[in-house]
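Below: the structure, in structure tokens.
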Amino acid sequence: MALLGLTSKRRLKSRSQFDRVFDHKCCSRDKYFAVYACPNNEQGPRLGLVVSRRVSRRAVDRNRIKRQIREDFRLSAAGLKELDYVVVARSAALEETGAAIRASLQQHWKRLNKQCGNS
RNA sequence: GAAGUCGGCUGGACAGUCGCUGUGUGUCUUGCCUGCAAGACAUGUGGAGGAAAGUCCGGGCUCCAAAGGGCAGGGUGCCAGGUAACGCCUGGGGGGCGAGAGCCUACGGAAAGUGCCGCAGAAAACAGACCGCCGAUGGCCCCGAUGUUCGCAUCGGGCGCACAGGUAAGGGUGAAAAGGUGCGGUAAGAGCGCACCGCGCCGCUGGUAACAGCGGUGGCAGGGUAAACCCCACCCGGAGCAAGACCAAAUAGGGGAGCAUUGGCGUGGCCCGCGUUGCUCCCGGGUAGGUCGCUCGAGCGUCGCGGUGACGCGGCGCCCAGAUGAAUGACUGUUCUCGACAGAACCCGGCUUACAGGCCGACUUCCUUU
């Protein structure tokens, strides 16, 4: 079936999980995001988000960015390999909406699947 | 109708598809102590704000000792009431602004002490005098009369001098210079005297009080600054849900009883106090992670009663987010006046700040019409 859900199983939760992904040093970045990835043991694609206070002081803005990332991940998840992803937002992401963010994320997914999926 | 003042409400709507999260029900799977736990699926149902914000006050709750005594430190500051409490709110008083509805107000004490007061000005805190006014009185000068021992003395006169001295009315400076206006008075002036206003003190009346009114009395206290130190009155112990409690891997930190009371360490800034460390015996331990705390509450709606009001009391009805790497979204369509500020994180009461618009009520002033 298509993986359209994004339940708590599909999210990264603990600090150790995040650290593992960062330590793997498999990364793709542009002016909106830095996306890290790391293979997991066939748990399906999982997502972690980092939107720091430096991106925007307003909680509303940070929530909006997270929702856009989460939504795109949810819709793309069927085509992704079994990796843990961590998306770190950068301040440029604040200025853009919808389409530009979509396009950027699609690039990242593709690149990381190629780069990290074989290792 | 226009301009304005005050108070309150609201914060796009509808439909479909996919998705997140709490919870009820059902089915299935797994586990075993056979009715519970976990998971999956289906279905029903709830799911950000008026400020959720700033974290500026106040409280609940939790631990620290039960939060206790003293010092230090901090806060508040007209009066009365409301409240769990407040720096909040309500009512009242004083002062200021406005034509008015109304608005603003850190509004205790400067005869306890200390500090500071730029520029200007003669002088800035102690009664002093730069210009000016006067010069009655005393002095000097001039004139006259009388007396004369020819030095001068006495008396009278002078738009005379401004030496002594008297003034603070006027000028000028300033935020501020011994209360203001008028009349009398005087050499000129001055609370020097009087009237009215202001101020202090005393009394009476009204008011719970702040305070107000009236009467009497004193010619009149001496600058400002206390969001400067300070004094007075009242209030305040500290830390915060990462509080704290429980279940529990690795690794090896703990708990109880008895003895010792000196010293070390810790506890809120200090002292007291309290805890701990030391030795002996006994017991099994609690970081990662998880569960609880965690939402039924100083709750919301409505009606009645009391109160000027804040608010209180009672009846009836209702359950209204509980996430935890952190949920409210995405897409499509329709529609309108094209949507601001902005996202719960233990919970309440306030304050402050941000905000596209829209709606309602009360009142004031002006204009027009009947």
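Letters for chains follow the order of the structure tokens (A, B, ...), residue numbers begin at 1 for each chain, and ligand numbers begin at 1 in the order shown.
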
Closest atom pairs, residues of chain A within 12 Å of chain B, only C-alpha atoms (C1' of nucleotides), as a Markdown table:
```
| residue | atom | partner | partner_atom | distance |
| --- | --- | --- | --- | --- |
| A:Ala2 | CA | B:C18 | C1' | 11.8 |
| A:Leu3 | CA | B:G19 | C1' | 11.0 |
| A:Leu4 | CA | B:G19 | C1' | 7.3 |
| A:Gly5 | CA | B:G19 | C1' | 6.5 |
| A:Leu6 | CA | B:C20 | C1' | 7.4 |
| A:Thr7 | CA | B:C20 | C1' | 7.3 |
| A:Ser8 | CA | B:C20 | C1' | 9.4 |
| A:Arg10 | CA | B:G325 | C1' | 11.9 |
| A:Arg11 | CA | B:G325 | C1' | 8.1 |
| A:Leu12 | CA | B:G325 | C1' | 6.5 |
| A:Lys13 | CA | B:G325 | C1' | 4.8 |
| A:Ser14 | CA | B:G325 | C1' | 6.6 |
| A:Arg15 | CA | B:G325 | C1' | 7.8 |
| A:Ser16 | CA | B:A288 | C1' | 9.7 |
| A:Gln17 | CA | B:G325 | C1' | 9.8 |
| A:Phe18 | CA | B:G325 | C1' | 8.7 |
| A:Asp19 | CA | B:G325 | C1' | 11.9 |
| A:Leu47 | CA | B:G325 | C1' | 9.8 |
| A:Gly48 | CA | B:G325 | C1' | 6.8 |
| A:Leu49 | CA | B:G325 | C1' | 6.9 |
| A:Val50 | CA | B:G325 | C1' | 7.9 |
| A:Val51 | CA | B:G325 | C1' | 10.3 |
| A:Ser52 | CA | B:G325 | C1' | 11.7 |
| A:Arg57 | CA | B:A53 | C1' | 11.3 |
| A:Arg58 | CA | B:A342 | C1' | 8.4 |
| A:Ala59 | CA | B:G343 | C1' | 6.2 |
| A:Val60 | CA | B:G343 | C1' | 5.5 |
| A:Asp61 | CA | B:G343 | C1' | 9.2 |
| A:Arg62 | CA | B:G343 | C1' | 9.7 |
| A:Asn63 | CA | B:G343 | C1' | 7.8 |
| A:Arg64 | CA | B:G329 | C1' | 9.0 |
| A:Ile65 | CA | B:G329 | C1' | 11.3 |
| A:Lys66 | CA | B:G329 | C1' | 10.2 |
| A:Arg67 | CA | B:G329 | C1' | 6.6 |
| A:Gln68 | CA | B:A330 | C1' | 8.1 |
| A:Ile69 | CA | B:A330 | C1' | 10.9 |
| A:Arg70 | CA | B:G329 | C1' | 9.5 |
| A:Glu71 | CA | B:A330 | C1' | 6.6 |
| A:Asp72 | CA | B:A330 | C1' | 9.0 |
| A:Phe73 | CA | B:G19 | C1' | 11.5 |
| A:Arg74 | CA | B:G19 | C1' | 8.2 |
| A:Leu75 | CA | B:C18 | C1' | 9.4 |
| A:Val86 | CA | B:G325 | C1' | 10.4 |
| A:Val87 | CA | B:G325 | C1' | 11.6 |
| A:Gly98 | CA | B:A330 | C1' | 10.1 |
```

Name the residues in contact with segment 101-110 of chain A at a cut-off of 12 Å, using only C-alpha atoms (C1' of nucleotides), excluding same-chain residues fewer than 4 positions from it; report them as an NGL selection string. :A and (26-37 or 45 or 47 or 64-90 or 92-97 or 114-117)

Do you have the atom C1' of U105 of chain B-atom C1' of A210 of chain B distance handy? 16.0 Å

DSSP on the backbone: what in chain A comes out strand (DSSP E or B), as a ChimeraX atom specification? /A:11,27-29,33-39,46-50,83-89

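By chain and then residue number, the residues within 12 Å of C133 of chain B are B:G166, B:U167, B:A168, B:A169, B:G170, B:G171, B:A187, B:A188, B:G189, counting only C-alpha atoms (C1' of nucleotides) and disregarding those fewer than 6 positions away in sequence.
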
In chain A, what's helix (DSSP H, G or I) per DSSP? Answer as an MDAnalysis selection string? chainID A and resid 8:10 15:23 59:79 91:94 99:117

Give me, as a list of chain:residue names, all polymer residues having an atom no more than 12 Å from G268 of chain B, counting only C-alpha atoms (C1' of nucleotides) and skipping those fewer than 4 positions away in the same chain. B:C64, B:A67, B:G73, B:G237, B:G238, B:A239

Write the residues of the preceding selection, restricted to all heavy atoms, as a short mmCIF file (atom, residue, chain, number, x, y, z; two decimals), in the first residue's frame.
```cif
data_model
loop_
_atom_site.label_atom_id
_atom_site.label_comp_id
_atom_site.auth_asym_id
_atom_site.auth_seq_id
_atom_site.Cartn_x
_atom_site.Cartn_y
_atom_site.Cartn_z
P C B 64 11.35 17.67 50.62
OP1 C B 64 12.08 16.47 51.08
OP2 C B 64 10.07 18.05 51.25
"O5'" C B 64 12.34 18.92 50.72
"C5'" C B 64 13.69 18.82 50.26
"C4'" C B 64 14.35 20.19 50.23
"O4'" C B 64 13.58 21.09 49.39
"C3'" C B 64 14.43 20.93 51.55
"O3'" C B 64 15.49 20.45 52.38
"C2'" C B 64 14.65 22.37 51.08
"O2'" C B 64 15.97 22.59 50.67
"C1'" C B 64 13.71 22.42 49.87
N1 C B 64 12.37 22.95 50.23
C2 C B 64 12.22 24.33 50.39
O2 C B 64 13.19 25.08 50.23
N3 C B 64 11.00 24.82 50.73
C4 C B 64 9.98 23.98 50.90
N4 C B 64 8.80 24.52 51.22
C5 C B 64 10.11 22.58 50.74
C6 C B 64 11.32 22.11 50.41
P A B 67 5.16 25.13 56.43
OP1 A B 67 4.00 25.92 56.88
OP2 A B 67 5.23 24.66 55.05
"O5'" A B 67 6.50 25.95 56.73
"C5'" A B 67 6.54 26.87 57.83
"C4'" A B 67 7.63 27.92 57.64
"O4'" A B 67 8.89 27.25 57.36
"C3'" A B 67 7.39 28.89 56.49
"O3'" A B 67 7.90 30.17 56.84
"C2'" A B 67 8.24 28.30 55.37
"O2'" A B 67 8.69 29.24 54.42
"C1'" A B 67 9.43 27.78 56.17
N9 A B 67 10.18 26.70 55.52
C8 A B 67 9.74 25.45 55.20
N7 A B 67 10.66 24.70 54.65
C5 A B 67 11.78 25.50 54.62
C6 A B 67 13.10 25.31 54.16
N6 A B 67 13.52 24.17 53.64
N1 A B 67 13.97 26.33 54.26
C2 A B 67 13.54 27.48 54.80
N3 A B 67 12.34 27.79 55.27
C4 A B 67 11.50 26.75 55.15
P G B 73 20.09 46.76 53.32
OP1 G B 73 20.95 47.77 52.67
OP2 G B 73 19.06 47.19 54.28
"O5'" G B 73 19.40 45.89 52.18
"C5'" G B 73 20.17 45.39 51.08
"C4'" G B 73 19.34 44.44 50.24
"O4'" G B 73 18.86 43.35 51.06
"C3'" G B 73 18.07 45.04 49.65
"O3'" G B 73 18.32 45.81 48.49
"C2'" G B 73 17.24 43.79 49.38
"O2'" G B 73 17.68 43.11 48.22
"C1'" G B 73 17.57 42.95 50.61
N9 G B 73 16.60 43.18 51.70
C8 G B 73 16.81 43.87 52.86
N7 G B 73 15.76 43.91 53.63
C5 G B 73 14.79 43.21 52.94
C6 G B 73 13.45 42.91 53.27
O6 G B 73 12.82 43.23 54.29
N1 G B 73 12.81 42.18 52.27
C2 G B 73 13.40 41.77 51.12
N2 G B 73 12.62 41.07 50.29
N3 G B 73 14.66 42.02 50.79
C4 G B 73 15.29 42.74 51.74
P G B 237 6.94 34.95 52.62
OP1 G B 237 6.12 33.76 52.36
OP2 G B 237 6.90 35.63 53.94
"O5'" G B 237 8.45 34.58 52.27
"C5'" G B 237 9.51 35.50 52.56
"C4'" G B 237 10.85 34.80 52.46
"O4'" G B 237 10.89 33.71 53.42
"C3'" G B 237 11.14 34.13 51.11
"O3'" G B 237 11.66 35.07 50.18
"C2'" G B 237 12.15 33.06 51.52
"O2'" G B 237 13.43 33.58 51.72
"C1'" G B 237 11.56 32.60 52.85
N9 G B 237 10.61 31.50 52.69
C8 G B 237 9.27 31.53 52.97
N7 G B 237 8.66 30.40 52.73
C5 G B 237 9.68 29.57 52.27
C6 G B 237 9.63 28.22 51.85
O6 G B 237 8.66 27.46 51.80
N1 G B 237 10.87 27.76 51.45
C2 G B 237 12.02 28.52 51.46
N2 G B 237 13.11 27.89 51.05
N3 G B 237 12.08 29.78 51.85
C4 G B 237 10.89 30.24 52.24
P G B 238 11.37 34.84 48.60
OP1 G B 238 11.87 36.03 47.90
OP2 G B 238 9.97 34.40 48.43
"O5'" G B 238 12.32 33.61 48.21
"C5'" G B 238 13.74 33.77 48.23
"C4'" G B 238 14.40 32.45 47.90
"O4'" G B 238 13.95 31.44 48.82
"C3'" G B 238 14.06 31.88 46.52
"O3'" G B 238 14.89 32.45 45.53
"C2'" G B 238 14.31 30.39 46.71
"O2'" G B 238 15.67 30.06 46.61
"C1'" G B 238 13.85 30.19 48.16
N9 G B 238 12.47 29.70 48.26
C8 G B 238 11.36 30.43 48.66
N7 G B 238 10.26 29.72 48.67
C5 G B 238 10.66 28.46 48.27
C6 G B 238 9.91 27.27 48.09
O6 G B 238 8.70 27.09 48.28
N1 G B 238 10.70 26.22 47.66
C2 G B 238 12.05 26.29 47.43
N2 G B 238 12.64 25.17 47.01
N3 G B 238 12.77 27.40 47.59
C4 G B 238 12.02 28.43 48.01
P A B 239 14.28 32.78 44.11
OP1 A B 239 15.33 33.48 43.34
OP2 A B 239 12.98 33.42 44.31
"O5'" A B 239 14.05 31.35 43.45
"C5'" A B 239 15.11 30.70 42.73
"C4'" A B 239 14.94 29.20 42.77
"O4'" A B 239 14.28 28.80 43.99
"C3'" A B 239 14.06 28.61 41.67
"O3'" A B 239 14.82 28.41 40.47
"C2'" A B 239 13.62 27.28 42.28
"O2'" A B 239 14.61 26.28 42.13
"C1'" A B 239 13.48 27.65 43.76
N9 A B 239 12.10 27.94 44.16
C8 A B 239 11.57 29.14 44.55
N7 A B 239 10.30 29.08 44.88
C5 A B 239 9.97 27.74 44.67
C6 A B 239 8.77 27.03 44.84
N6 A B 239 7.64 27.59 45.25
N1 A B 239 8.77 25.72 44.53
C2 A B 239 9.91 25.16 44.10
N3 A B 239 11.10 25.72 43.92
C4 A B 239 11.06 27.03 44.22
#
```

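Of note, atom C1' of A340 of chain B and atom C1' of G12 of chain B are spaced 12.0 Å apart.
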
Can you tell me which residues surround segment 107-120 of chain B at a distance of at most 10 Å, considering only C-alpha atoms (C1' of nucleotides), apart from same-chain residues fewer than 5 positions away, and format the answer as a PDB file with N, CA, C and O atoms (P, O5', C5', C4', C3', O3' and C1' of nucleotides), in the first residue's frame?
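Done, and the output landed in part-v9.pdb:
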```
ATOM      1  P     G B  77       2.312  52.138  44.378  1.00  0.00           P
ATOM      2  O5'   G B  77       1.996  52.927  45.720  1.00  0.00           O
ATOM      3  C5'   G B  77       0.777  52.696  46.412  1.00  0.00           C
ATOM      4  C4'   G B  77       0.779  53.461  47.715  1.00  0.00           C
ATOM      5  C3'   G B  77       0.811  54.977  47.554  1.00  0.00           C
ATOM      6  O3'   G B  77      -0.204  55.567  48.362  1.00  0.00           O
ATOM      7  C1'   G B  77       2.467  54.261  49.084  1.00  0.00           C
ATOM      8  P     C B  78      -1.530  56.053  47.678  1.00  0.00           P
ATOM      9  O5'   C B  78      -2.244  56.835  48.855  1.00  0.00           O
ATOM     10  C5'   C B  78      -1.653  57.963  49.500  1.00  0.00           C
ATOM     11  C4'   C B  78      -2.738  58.752  50.184  1.00  0.00           C
ATOM     12  C3'   C B  78      -3.893  57.889  50.691  1.00  0.00           C
ATOM     13  O3'   C B  78      -3.640  57.460  52.020  1.00  0.00           O
ATOM     14  C1'   C B  78      -4.742  59.615  49.311  1.00  0.00           C
ATOM     15  P     G B  94     -12.990  66.735  46.442  1.00  0.00           P
ATOM     16  O5'   G B  94     -11.403  66.876  46.439  1.00  0.00           O
ATOM     17  C5'   G B  94     -10.736  67.470  47.547  1.00  0.00           C
ATOM     18  C4'   G B  94      -9.237  67.417  47.365  1.00  0.00           C
ATOM     19  C3'   G B  94      -8.691  68.085  46.112  1.00  0.00           C
ATOM     20  O3'   G B  94      -8.636  69.499  46.242  1.00  0.00           O
ATOM     21  C1'   G B  94      -7.636  65.998  46.392  1.00  0.00           C
ATOM     22  P     G B  95      -8.921  70.425  44.961  1.00  0.00           P
ATOM     23  O5'   G B  95      -7.668  70.149  44.020  1.00  0.00           O
ATOM     24  C5'   G B  95      -6.374  70.618  44.399  1.00  0.00           C
ATOM     25  C4'   G B  95      -5.311  70.140  43.430  1.00  0.00           C
ATOM     26  C3'   G B  95      -5.550  70.483  41.964  1.00  0.00           C
ATOM     27  O3'   G B  95      -5.193  71.826  41.657  1.00  0.00           O
ATOM     28  C1'   G B  95      -4.927  68.222  42.119  1.00  0.00           C
ATOM     29  P     U B 173      14.944  89.801  32.004  1.00  0.00           P
ATOM     30  O5'   U B 173      15.724  88.736  32.889  1.00  0.00           O
ATOM     31  C5'   U B 173      17.112  88.489  32.664  1.00  0.00           C
ATOM     32  C4'   U B 173      17.623  87.410  33.590  1.00  0.00           C
ATOM     33  C3'   U B 173      16.749  86.170  33.676  1.00  0.00           C
ATOM     34  O3'   U B 173      17.008  85.308  32.584  1.00  0.00           O
ATOM     35  C1'   U B 173      17.464  86.811  35.850  1.00  0.00           C
ATOM     36  P     G B 174      15.832  84.486  31.888  1.00  0.00           P
ATOM     37  O5'   G B 174      15.536  83.351  32.962  1.00  0.00           O
ATOM     38  C5'   G B 174      16.501  82.323  33.219  1.00  0.00           C
ATOM     39  C4'   G B 174      16.201  81.643  34.531  1.00  0.00           C
ATOM     40  C3'   G B 174      14.823  81.004  34.629  1.00  0.00           C
ATOM     41  O3'   G B 174      14.796  79.744  34.004  1.00  0.00           O
ATOM     42  C1'   G B 174      15.274  82.226  36.593  1.00  0.00           C
ATOM     43  P     A B 221       6.943  84.312  58.518  1.00  0.00           P
ATOM     44  O5'   A B 221       7.163  82.759  58.666  1.00  0.00           O
ATOM     45  C5'   A B 221       8.093  82.234  59.586  1.00  0.00           C
ATOM     46  C4'   A B 221       7.673  80.841  60.048  1.00  0.00           C
ATOM     47  C3'   A B 221       7.986  79.717  59.055  1.00  0.00           C
ATOM     48  O3'   A B 221       8.566  78.631  59.762  1.00  0.00           O
ATOM     49  C1'   A B 221       5.711  79.645  59.704  1.00  0.00           C
ATOM     50  P     G B 224       9.772  73.844  49.349  1.00  0.00           P
ATOM     51  O5'   G B 224      10.404  73.229  48.027  1.00  0.00           O
ATOM     52  C5'   G B 224       9.931  73.640  46.735  1.00  0.00           C
ATOM     53  C4'   G B 224      10.876  73.166  45.656  1.00  0.00           C
ATOM     54  C3'   G B 224      11.096  71.664  45.613  1.00  0.00           C
ATOM     55  O3'   G B 224      10.047  71.028  44.897  1.00  0.00           O
ATOM     56  C1'   G B 224      13.172  72.786  45.459  1.00  0.00           C
ATOM     57  P     U B 225       9.533  69.576  45.403  1.00  0.00           P
ATOM     58  O5'   U B 225      10.773  68.618  45.093  1.00  0.00           O
ATOM     59  C5'   U B 225      11.157  68.349  43.741  1.00  0.00           C
ATOM     60  C4'   U B 225      12.490  67.641  43.702  1.00  0.00           C
ATOM     61  C3'   U B 225      12.555  66.322  44.456  1.00  0.00           C
ATOM     62  O3'   U B 225      12.039  65.267  43.653  1.00  0.00           O
ATOM     63  C1'   U B 225      14.474  67.628  44.939  1.00  0.00           C
ATOM     64  P     A B 226      10.775  64.400  44.158  1.00  0.00           P
ATOM     65  O5'   A B 226      11.372  63.518  45.336  1.00  0.00           O
ATOM     66  C5'   A B 226      12.480  62.645  45.083  1.00  0.00           C
ATOM     67  C4'   A B 226      12.675  61.687  46.218  1.00  0.00           C
ATOM     68  C3'   A B 226      11.523  60.718  46.467  1.00  0.00           C
ATOM     69  O3'   A B 226      11.674  59.604  45.618  1.00  0.00           O
ATOM     70  C1'   A B 226      12.404  61.569  48.526  1.00  0.00           C
ATOM     71  P     A B 228      15.056  59.777  40.944  1.00  0.00           P
ATOM     72  O5'   A B 228      16.227  59.539  41.972  1.00  0.00           O
ATOM     73  C5'   A B 228      15.997  59.550  43.369  1.00  0.00           C
ATOM     74  C4'   A B 228      17.334  59.504  44.060  1.00  0.00           C
ATOM     75  C3'   A B 228      17.347  58.886  45.448  1.00  0.00           C
ATOM     76  O3'   A B 228      17.346  57.469  45.390  1.00  0.00           O
ATOM     77  C1'   A B 228      18.588  60.900  45.464  1.00  0.00           C
ATOM     78  P     C B 229      16.534  56.640  46.497  1.00  0.00           P
ATOM     79  O5'   C B 229      17.567  56.668  47.721  1.00  0.00           O
ATOM     80  C5'   C B 229      18.820  55.990  47.596  1.00  0.00           C
ATOM     81  C4'   C B 229      19.766  56.435  48.689  1.00  0.00           C
ATOM     82  C3'   C B 229      19.342  56.123  50.112  1.00  0.00           C
ATOM     83  O3'   C B 229      19.582  54.773  50.479  1.00  0.00           O
ATOM     84  C1'   C B 229      20.143  58.335  50.006  1.00  0.00           C
ATOM     85  P     C B 230      18.415  53.967  51.234  1.00  0.00           P
ATOM     86  O5'   C B 230      17.942  54.968  52.379  1.00  0.00           O
ATOM     87  C5'   C B 230      18.742  55.204  53.526  1.00  0.00           C
ATOM     88  C4'   C B 230      18.259  56.430  54.269  1.00  0.00           C
ATOM     89  C3'   C B 230      17.022  56.237  55.122  1.00  0.00           C
ATOM     90  O3'   C B 230      17.360  55.668  56.381  1.00  0.00           O
ATOM     91  C1'   C B 230      16.815  58.251  53.878  1.00  0.00           C
ATOM     92  P     C B 231      16.361  54.573  57.024  1.00  0.00           P
ATOM     93  O5'   C B 231      15.180  55.479  57.581  1.00  0.00           O
ATOM     94  C5'   C B 231      15.405  56.398  58.662  1.00  0.00           C
ATOM     95  C4'   C B 231      14.162  57.207  58.933  1.00  0.00           C
ATOM     96  C3'   C B 231      12.888  56.401  59.142  1.00  0.00           C
ATOM     97  O3'   C B 231      12.786  55.929  60.481  1.00  0.00           O
ATOM     98  C1'   C B 231      12.457  58.175  57.642  1.00  0.00           C
ATOM     99  P     C B 232      12.068  54.518  60.769  1.00  0.00           P
ATOM    100  O5'   C B 232      10.550  54.828  60.430  1.00  0.00           O
ATOM    101  C5'   C B 232       9.785  55.728  61.241  1.00  0.00           C
ATOM    102  C4'   C B 232       8.410  55.939  60.657  1.00  0.00           C
ATOM    103  C3'   C B 232       7.615  54.678  60.364  1.00  0.00           C
ATOM    104  O3'   C B 232       7.029  54.147  61.549  1.00  0.00           O
ATOM    105  C1'   C B 232       7.434  56.166  58.534  1.00  0.00           C
ATOM    106  P     A B 233       6.918  52.552  61.721  1.00  0.00           P
ATOM    107  O5'   A B 233       5.667  52.199  60.806  1.00  0.00           O
ATOM    108  C5'   A B 233       4.380  52.714  61.133  1.00  0.00           C
ATOM    109  C4'   A B 233       3.397  52.437  60.019  1.00  0.00           C
ATOM    110  C3'   A B 233       3.360  50.997  59.525  1.00  0.00           C
ATOM    111  O3'   A B 233       2.562  50.177  60.374  1.00  0.00           O
ATOM    112  C1'   A B 233       3.442  52.455  57.678  1.00  0.00           C
TER     113        A B 233
END
```
